[in-house]
file my_file_30.txt (compact mmCIF, C-alpha atoms)
# COMPACT_ATOMS: atom_id res chain seq x y z
CA MET A 1 88.09 74.07 99.38
CA THR A 2 87.10 74.24 103.06
CA THR A 3 83.54 75.31 103.81
CA PRO A 4 83.91 78.89 105.09
CA ASN A 5 82.42 80.25 108.31
CA LEU A 6 79.36 82.49 107.83
CA ASP A 7 80.69 85.04 110.31
CA ASP A 8 83.91 85.33 108.31
CA ILE A 9 81.85 85.93 105.16
CA ARG A 10 79.87 88.71 106.83
CA LEU A 11 83.02 90.33 108.19
CA PHE A 12 84.67 90.24 104.75
CA ALA A 13 81.63 92.01 103.29
CA SER A 14 81.83 94.64 106.02
CA VAL A 15 85.48 95.39 105.29
CA ALA A 16 84.94 95.51 101.52
CA GLU A 17 81.95 97.84 101.82
CA ALA A 18 83.68 100.10 104.36
CA GLY A 19 86.82 100.33 102.24
CA GLY A 20 89.12 99.49 105.12
CA PHE A 21 89.60 97.48 108.29
CA ARG A 22 89.60 100.45 110.65
CA THR A 23 86.31 101.91 109.41
CA ALA A 24 84.64 98.49 109.39
CA ALA A 25 85.92 97.82 112.91
CA GLN A 26 84.42 101.08 114.17
CA ARG A 27 81.07 100.32 112.56
CA ARG A 28 80.91 96.80 114.00
CA ASN A 29 82.50 97.70 117.34
CA VAL A 30 85.24 95.07 117.02
CA SER A 31 89.00 95.22 116.64
CA ALA A 32 90.62 95.71 113.24
CA SER A 33 92.89 92.75 113.94
CA SER A 34 89.91 90.42 114.38
CA LEU A 35 88.58 91.53 111.02
CA SER A 36 91.96 90.96 109.41
CA ASP A 37 92.09 87.47 110.90
CA ALA A 38 88.59 86.71 109.60
CA VAL A 39 89.43 87.80 106.05
CA ARG A 40 92.70 85.80 106.04
CA ARG A 41 90.80 82.77 107.32
CA LEU A 42 88.17 83.14 104.60
CA GLU A 43 90.81 83.57 101.89
CA GLY A 44 92.52 80.43 103.17
CA ASP A 45 89.27 78.46 103.15
CA LEU A 46 88.45 79.56 99.60
CA GLY A 47 92.00 79.43 98.28
CA VAL A 48 91.77 82.85 96.65
CA ARG A 49 92.76 86.40 97.57
CA LEU A 50 89.68 88.56 98.13
CA LEU A 51 91.17 91.94 99.06
CA ASN A 52 94.02 94.06 97.75
CA ARG A 53 95.68 95.67 100.78
CA THR A 54 97.93 98.71 100.68
CA THR A 55 98.95 101.21 103.33
CA ARG A 56 96.36 103.63 101.94
CA SER A 57 93.42 101.53 100.83
CA VAL A 58 91.68 98.18 100.88
CA THR A 59 89.79 97.19 97.72
CA PRO A 60 88.23 93.92 96.55
CA THR A 61 90.11 91.86 93.99
CA GLU A 62 88.20 90.79 90.91
CA ALA A 63 87.27 87.55 92.67
CA GLY A 64 86.39 89.46 95.83
CA GLN A 65 84.12 91.84 93.91
CA ARG A 66 82.29 88.96 92.21
CA LEU A 67 81.78 87.27 95.57
CA LEU A 68 80.61 90.50 97.21
CA GLU A 69 78.00 91.12 94.49
CA ARG A 70 76.58 87.62 95.01
CA LEU A 71 76.71 87.88 98.78
CA ARG A 72 74.88 91.19 99.26
CA PRO A 73 71.33 89.93 98.55
CA ALA A 74 71.89 86.77 100.63
CA LEU A 75 73.35 88.65 103.60
CA ALA A 76 70.53 91.17 103.45
CA GLU A 77 67.98 88.36 103.58
CA ILE A 78 69.75 86.76 106.54
CA SER A 79 69.89 90.08 108.37
CA ASP A 80 66.22 90.75 107.66
CA ALA A 81 65.20 87.31 108.86
CA LEU A 82 67.13 87.67 112.12
CA ASP A 83 65.99 91.24 112.73
CA GLY A 84 62.41 90.22 112.10
CA LEU A 85 62.69 87.92 115.12
CA ALA A 86 64.25 90.63 117.29
CA ILE A 87 61.42 90.95 119.76
CA GLN A 88 62.01 90.74 123.50
CA ASP A 89 59.15 90.90 126.01
CA GLY A 90 56.86 92.12 123.26
CA GLN A 91 59.18 95.03 122.38
CA PRO A 92 61.49 95.41 119.35
CA SER A 93 65.19 94.99 119.99
CA GLY A 94 68.40 95.06 118.00
CA THR A 95 70.52 97.70 116.31
CA LEU A 96 69.32 100.49 114.00
CA ARG A 97 72.01 101.98 111.75
CA LEU A 98 71.42 105.40 110.17
CA ASN A 99 73.51 107.55 107.81
CA VAL A 100 72.66 111.25 108.09
CA PRO A 101 73.98 114.69 107.06
CA THR A 102 75.95 116.51 109.74
CA VAL A 103 73.46 119.39 109.91
CA VAL A 104 70.65 116.93 110.64
CA ALA A 105 72.75 115.17 113.26
CA HIS A 106 73.50 118.46 115.02
CA TYR A 107 70.18 120.32 114.89
CA ILE A 108 67.33 117.89 114.20
CA LEU A 109 68.05 114.37 115.41
CA PRO A 110 69.18 114.80 119.06
CA PRO A 111 65.71 115.25 120.65
CA ILE A 112 64.13 112.68 118.33
CA VAL A 113 66.75 110.05 119.12
CA ALA A 114 66.54 110.71 122.86
CA ARG A 115 62.75 110.25 122.88
CA PHE A 116 62.91 107.17 120.66
CA LEU A 117 65.51 105.36 122.75
CA ALA A 118 63.64 106.21 125.94
CA ALA A 119 60.51 104.63 124.43
CA HIS A 120 62.39 101.58 123.08
CA PRO A 121 65.02 100.47 125.63
CA GLY A 122 65.71 97.27 123.68
CA ILE A 123 66.99 99.14 120.63
CA ARG A 124 70.53 100.39 120.11
CA MET A 125 71.25 103.08 117.51
CA GLU A 126 74.40 103.69 115.47
CA ILE A 127 74.31 107.05 113.69
CA ILE A 128 77.04 108.07 111.24
CA ALA A 129 77.02 111.76 110.33
CA GLU A 130 78.64 112.60 106.99
CA ASP A 131 77.86 114.68 103.93
CA THR A 132 78.77 112.21 101.20
CA PHE A 133 76.06 110.54 99.12
CA LEU A 134 76.27 106.77 99.28
CA ASP A 135 74.22 103.61 98.89
CA VAL A 136 73.07 103.16 102.48
CA LEU A 137 72.16 99.50 102.04
CA ALA A 138 75.47 98.61 100.37
CA HIS A 139 77.33 100.25 103.26
CA GLY A 140 75.48 98.38 105.98
CA PHE A 141 72.94 101.01 107.04
CA ASP A 142 69.26 100.31 107.57
CA ALA A 143 68.16 103.76 106.43
CA GLY A 144 69.36 107.29 105.81
CA ILE A 145 68.22 110.87 106.12
CA ARG A 146 68.60 113.29 103.23
CA TYR A 147 66.87 116.19 101.56
CA GLU A 148 64.39 115.50 98.78
CA GLU A 149 66.60 116.27 95.81
CA SER A 150 69.21 113.68 96.80
CA ILE A 151 66.93 110.69 97.52
CA ALA A 152 66.84 107.93 94.90
CA ARG A 153 63.43 107.30 93.35
CA ASP A 154 63.35 103.64 94.37
CA MET A 155 63.39 104.60 98.04
CA ILE A 156 60.45 105.26 100.35
CA ALA A 157 60.76 108.63 102.12
CA ILE A 158 58.86 110.13 105.06
CA PRO A 159 59.41 113.60 106.57
CA ILE A 160 61.40 113.79 109.79
CA GLY A 161 61.92 116.91 111.87
CA PRO A 162 60.75 120.35 110.70
CA LYS A 163 58.50 120.41 107.65
CA HIS A 164 60.19 123.57 106.38
CA GLN A 165 63.65 125.08 106.73
CA ARG A 166 65.52 127.96 105.18
CA PHE A 167 69.00 129.27 104.63
CA ALA A 168 70.27 132.57 105.99
CA VAL A 169 73.18 134.91 105.33
CA ALA A 170 74.69 136.96 108.13
CA GLY A 171 77.68 139.08 109.10
CA SER A 172 79.01 140.66 112.25
CA PRO A 173 77.92 144.23 113.07
CA ALA A 174 81.53 145.39 112.71
CA TYR A 175 81.88 143.81 109.25
CA LEU A 176 78.60 145.30 108.00
CA ALA A 177 79.48 148.72 109.41
CA ALA A 178 82.77 148.65 107.52
CA HIS A 179 81.55 147.16 104.22
CA GLY A 180 77.87 148.05 104.01
CA VAL A 181 74.71 145.94 104.04
CA PRO A 182 73.95 144.09 100.78
CA LYS A 183 70.45 144.79 99.48
CA HIS A 184 70.51 142.43 96.49
CA PRO A 185 72.36 139.15 95.81
CA ARG A 186 74.38 140.97 93.14
CA ASP A 187 75.83 143.17 95.89
CA LEU A 188 77.64 140.12 97.29
CA ALA A 189 80.28 140.55 94.59
CA ASP A 190 81.66 143.38 96.75
CA HIS A 191 81.76 141.27 99.93
CA ALA A 192 84.00 138.61 101.42
CA ARG A 193 82.07 135.33 101.52
CA ILE A 194 83.08 132.55 103.89
CA GLY A 195 82.59 129.18 102.16
CA HIS A 196 81.84 125.64 103.25
CA ARG A 197 83.22 122.59 101.45
CA PHE A 198 81.66 119.18 102.02
CA ALA A 199 83.73 116.06 102.61
CA SER A 200 82.83 115.00 99.06
CA GLY A 201 84.76 118.03 97.77
CA HIS A 202 81.60 119.89 96.71
CA LEU A 203 81.61 123.60 97.51
CA ALA A 204 78.28 124.79 98.93
CA LEU A 205 76.84 127.52 96.72
CA TRP A 206 74.59 130.31 97.98
CA ASP A 207 71.12 130.25 96.42
CA PHE A 208 68.66 133.14 96.46
CA GLU A 209 65.11 133.29 95.11
CA ARG A 210 62.32 135.87 95.08
CA GLY A 211 59.37 136.37 92.78
CA GLY A 212 60.58 133.74 90.35
CA LYS A 213 64.07 135.29 90.07
CA ARG A 214 66.98 133.12 91.15
CA PHE A 215 70.63 133.86 91.84
CA ARG A 216 73.42 131.41 92.65
CA ILE A 217 76.56 132.85 94.22
CA THR A 218 79.93 131.15 94.63
CA PRO A 219 81.51 131.96 98.00
CA GLU A 220 84.86 133.71 97.58
CA GLY A 221 86.78 135.19 100.45
CA PRO A 222 89.45 134.62 103.07
CA LEU A 223 88.24 131.17 104.16
CA ILE A 224 86.77 127.93 102.85
CA SER A 225 86.39 125.22 105.46
CA SER A 226 84.66 121.89 106.02
CA SER A 227 84.19 122.86 109.67
CA PRO A 228 81.07 124.91 110.48
CA ALA A 229 82.68 125.98 113.76
CA ILE A 230 85.71 127.45 111.98
CA GLY A 231 83.49 129.28 109.51
CA MET A 232 81.39 130.68 112.34
CA ALA A 233 84.48 131.88 114.20
CA ALA A 234 85.64 133.73 111.08
CA ALA A 235 82.25 135.41 110.66
CA LEU A 236 82.14 136.44 114.32
CA ALA A 237 85.63 137.90 113.90
CA GLY A 238 84.36 140.12 111.09
CA LEU A 239 86.20 138.40 108.25
CA GLY A 240 83.18 138.14 105.97
CA LEU A 241 79.59 137.03 105.48
CA ILE A 242 78.55 133.48 106.26
CA ALA A 243 75.65 131.42 104.87
CA GLY A 244 74.05 128.31 106.30
CA PHE A 245 70.96 126.80 107.78
CA ALA A 246 69.01 129.38 109.78
CA ASP A 247 69.02 126.92 112.72
CA PHE A 248 72.82 127.10 112.77
CA LEU A 249 73.04 130.90 112.60
CA GLN A 250 70.04 131.77 114.76
CA PRO A 251 71.72 131.59 118.22
CA GLN A 252 74.35 134.13 117.15
CA ILE A 253 71.71 136.32 115.49
CA GLU A 254 69.54 136.29 118.61
CA ARG A 255 72.40 137.50 120.79
CA GLY A 256 73.37 140.22 118.30
CA ALA A 257 76.76 138.75 117.39
CA LEU A 258 75.56 138.36 113.78
CA LEU A 259 73.03 140.34 111.77
CA GLU A 260 71.00 138.61 109.05
CA VAL A 261 70.98 140.15 105.57
CA LEU A 262 69.02 139.46 102.40
CA SER A 263 66.28 137.67 104.37
CA ASP A 264 63.73 138.76 101.74
CA TRP A 265 65.64 136.62 99.22
CA GLN A 266 65.42 133.41 101.26
CA GLU A 267 62.42 131.14 100.76
CA ASP A 268 61.52 128.09 102.80
CA PHE A 269 62.31 124.63 101.44
CA PRO A 270 61.09 121.16 102.54
CA GLY A 271 62.81 119.66 105.57
CA PRO A 272 64.68 116.34 105.53
CA SER A 273 63.22 112.87 105.06
CA LEU A 274 63.98 109.46 106.48
CA TYR A 275 64.41 107.12 103.53
CA TYR A 276 64.63 103.35 103.30
CA HIS A 277 64.28 100.54 100.81
CA SER A 278 60.94 98.81 100.30
CA ARG A 279 62.11 95.41 101.50
CA ARG A 280 59.51 92.80 102.39
CA HIS A 281 61.25 91.81 105.62
CA MET A 282 61.92 95.07 107.43
CA PRO A 283 64.20 94.96 110.51
CA ALA A 284 62.20 95.39 113.71
CA PRO A 285 64.23 98.42 114.94
CA LEU A 286 63.68 100.23 111.64
CA ARG A 287 59.95 99.49 111.67
CA ALA A 288 59.74 100.86 115.22
CA PHE A 289 61.60 104.04 114.21
CA ILE A 290 59.42 104.59 111.15
CA ASP A 291 56.26 104.21 113.24
CA PHE A 292 57.73 106.59 115.83
CA VAL A 293 58.54 109.25 113.22
CA LYS A 294 55.14 108.92 111.54
CA ALA A 295 53.48 109.41 114.93
CA GLY A 296 55.29 112.72 115.34
CA GLY A 297 58.42 111.56 117.14
call {"tool": "encode", "arguments": {"input": "my_file_30.txt", "output": "structure tokens"}}
result
Amino acid sequence: MTTPNLDDIRLFASVAEAGGFRTAAQRRNVSASSLSDAVRRLEGDLGVRLLNRTTRSVTPTEAGQRLLERLRPALAEISDALDGLAIQDGQPSGTLRLNVPTVVAHYILPPIVARFLAAHPGIRMEIIAEDTFLDVLAHGFDAGIRYEESIARDMIAIPIGPKHQRFAVAGSPAYLAAHGVPKHPRDLADHARIGHRFASGHLALWDFERGGKRFRITPEGPLISSSPAIGMAAALAGLGLIAGFADFLQPQIERGALLEVLSDWQEDFPGPSLYYHSRRHMPAPLRAFIDFVKAGG
């Protein structure tokens, strides 16, 4: 067996964790062909096939999975050691990789990221916005942003962005004039409800609470979409009521294109948190971002 190249080992791990050459190539900013060459080279050095490749998926073989499980802690230690040295001219440098929900990427992170990068010119950020729940460390991210109920207990979490948020339900003036204004969540049974489905396949339910009473409504109507823009267009066209973060609906409410309903049934909930693993050797870019967020961003 030929001693394999460390870079080839790291690239194999990237492909296996990403579930494909194209996704891994995008995350590492390299070509998919270079990744394929690295994996073939590693398989040749080890004399064993590490990945099962089909036109639809790339998955580790049994040998590849065993190797990946042994490699993860070692690669994490190597990455931590190198990132810990990533200081140039007294300032942290390197790449910070974050996995965040799309709503956070659209409405919370932009000003924070702009200020952070302006204050730390040596740091480069890679931010992947998606609504699936995954192991951020196993997928090559330094940290993630999620809401409290979906953060694992072994993670450290600090608030980022607004301390409180809320959901809102709204409809166009024309729709409400034609179908009436709901006064109670039970009234929604008589209304068309535009739904949102996450990439995970989960359908977002509408939750209402007041005075200890709770109602959960399933959206049923002419449209279910994973695109907030498509759902908004349908609501503006008078096809039904739409629910979502108040930050998302507020611009249309302010200009009168949508009217909020059932606001007395919407209570505030805690805003999102930046979460990360309590590793002893924290990458310098992540430490800088944590300090920046704690200071008020």
call {"tool": "closest_residue", "arguments": {"input": "my_file_30.txt", "among": "A:Ser225, A:Pro182, A:Gly171, A:Asp142", "to": "A:Ala237", "atoms": "only C-alpha atoms"}}
result
A:Gly171
call {"tool": "atom_distance", "arguments": {"input": "my_file_30.txt", "atom1": "atom CA of A:Leu42", "atom2": "atom CA of A:Asn5"}}
result
7.4 Å
call {"tool": "closest_residue", "arguments": {"input": "my_file_30.txt", "among": "A:Ile145, A:Leu259, A:Ala16, A:Leu188", "to": "A:Val100", "atoms": "all atoms listed in the file"}}
result
A:Ile145
call {"tool": "closest_residue", "arguments": {"input": "my_file_30.txt", "among": "A:Val103, A:Arg28, A:Trp265, A:Ser226", "to": "A:His202", "atoms": "only C-alpha atoms"}}
result
A:Ser226
call {"tool": "residues_around", "arguments": {"input": "my_file_30.txt", "residues": "A:Thr3", "least_positions_apart": "6", "cutoff": "12 Å", "atoms": "only C-alpha atoms", "output": "number ranges by chain"}}
result
A: 9, 41-47
call {"tool": "residues_around", "arguments": {"input": "my_file_30.txt", "residues": "A:Ile253", "least_positions_apart": "5", "cutoff": "12 Å", "atoms": "only C-alpha atoms", "output": "PyMOL selection string"}}
result
chain A and resi 168-173+232+235-236+242+246-248+258-261
call {"tool": "residues_around", "arguments": {"input": "my_file_30.txt", "residues": "A:Leu50", "least_positions_apart": "4", "cutoff": "10 Å", "atoms": "only C-alpha atoms", "output": "PyMOL selection string"}}
result
chain A and resi 12+16+39-40+42-44+46+59-68
call {"tool": "write_last_selection", "arguments": {"input": "my_file_30.txt", "atoms": "C-alpha atoms", "output": "CSV table (one decimal), keeping the file's coordinate frame"}}
result
chain,number,residue,atom,x,y,z
A,12,PHE,CA,84.7,90.2,104.8
A,16,ALA,CA,84.9,95.5,101.5
A,39,VAL,CA,89.4,87.8,106.0
A,40,ARG,CA,92.7,85.8,106.0
A,42,LEU,CA,88.2,83.1,104.6
A,43,GLU,CA,90.8,83.6,101.9
A,44,GLY,CA,92.5,80.4,103.2
A,46,LEU,CA,88.4,79.6,99.6
A,59,THR,CA,89.8,97.2,97.7
A,60,PRO,CA,88.2,93.9,96.6
A,61,THR,CA,90.1,91.9,94.0
A,62,GLU,CA,88.2,90.8,90.9
A,63,ALA,CA,87.3,87.6,92.7
A,64,GLY,CA,86.4,89.5,95.8
A,65,GLN,CA,84.1,91.8,93.9
A,66,ARG,CA,82.3,89.0,92.2
A,67,LEU,CA,81.8,87.3,95.6
A,68,LEU,CA,80.6,90.5,97.2
call {"tool": "residues_around", "arguments": {"input": "my_file_30.txt", "residues": "stretch 114-120 of chain A", "least_positions_apart": "4", "cutoff": "12 Å", "atoms": "only C-alpha atoms", "output": "list in words"}}
result
Ile87, Gln88, Asp89, Gly90, Gln91, Pro92, Ser93, Gly94, Thr95, Leu96, Ile108, Leu109, Pro110, Arg124, Met125, Glu126, Ala284, Pro285, Leu286, Arg287, Ala288, Phe289, Ile290, Asp291, Phe292, Val293, Ala295, Gly296 and Gly297 of chain A
call {"tool": "residues_near_point", "arguments": {"input": "my_file_30.txt", "point": "(85.2, 124.1, 97.9)", "cutoff": "7 Å", "atoms": "only C-alpha atoms", "output": "MDAnalysis selection string"}}
result
chainID A and resid 196:197 201:203 224
call {"tool": "closest_residue", "arguments": {"input": "my_file_30.txt", "among": "A:Phe141, A:Phe215, A:Tyr275, A:Phe245", "to": "A:Arg27", "atoms": "all atoms listed in the file"}}
result
A:Phe141
call {"tool": "closest_atom_pairs", "arguments": {"input": "my_file_30.txt", "of": "stretch 191-268 of chain A", "to": "stretch 129-134 of chain A", "cutoff": "9 Å", "atoms": "all atoms listed in the file", "output": "JSON lines"}}
result
{"residue": "A:Phe198", "atom": "CA", "partner": "A:Asp131", "partner_atom": "CA", "distance": 6.2}
{"residue": "A:Ala199", "atom": "CA", "partner": "A:Asp131", "partner_atom": "CA", "distance": 6.2}
{"residue": "A:Ser200", "atom": "CA", "partner": "A:Thr132", "partner_atom": "CA", "distance": 5.4}
call {"tool": "write_last_selection", "arguments": {"input": "my_file_30.txt", "atoms": "C-alpha atoms", "output": "CSV table (one decimal), in the coordinates of the input"}}
result
chain,number,residue,atom,x,y,z
A,198,PHE,CA,81.7,119.2,102.0
A,199,ALA,CA,83.7,116.1,102.6
A,200,SER,CA,82.8,115.0,99.1
call {"tool": "closest_residue", "arguments": {"input": "my_file_30.txt", "among": "A:Asp135, A:Glu77, A:Glu69, A:Asp207", "to": "A:Asn99", "atoms": "only C-alpha atoms"}}
result
A:Asp135
call {"tool": "residues_near_point", "arguments": {"input": "my_file_30.txt", "point": "(61.1, 112.6, 106.0)", "cutoff": "6 Å", "atoms": "all atoms listed in the file", "output": "mmCIF file with C-alpha atoms, in the coordinates of the input"}}
result
data_model
loop_
_atom_site.group_PDB
_atom_site.id
_atom_site.type_symbol
_atom_site.label_atom_id
_atom_site.label_comp_id
_atom_site.auth_asym_id
_atom_site.auth_seq_id
_atom_site.Cartn_x
_atom_site.Cartn_y
_atom_site.Cartn_z
ATOM 1 C CA ALA A 157 60.760 108.630 102.120
ATOM 2 C CA ILE A 158 58.860 110.130 105.060
ATOM 3 C CA PRO A 159 59.410 113.600 106.570
ATOM 4 C CA ILE A 160 61.400 113.790 109.790
ATOM 5 C CA PRO A 272 64.680 116.340 105.530
ATOM 6 C CA SER A 273 63.220 112.870 105.060
ATOM 7 C CA LEU A 274 63.980 109.460 106.480
#
call {"tool": "closest_residue", "arguments": {"input": "my_file_30.txt", "among": "A:Glu254, A:Gly211, A:Asn52, A:Gly195", "to": "A:Gly231", "atoms": "all atoms listed in the file"}}
result
A:Gly195
call {"tool": "atom_distance", "arguments": {"input": "my_file_30.txt", "atom1": "atom CA of A:Ala257", "atom2": "atom CA of A:Ala174"}}
result
9.4 Å
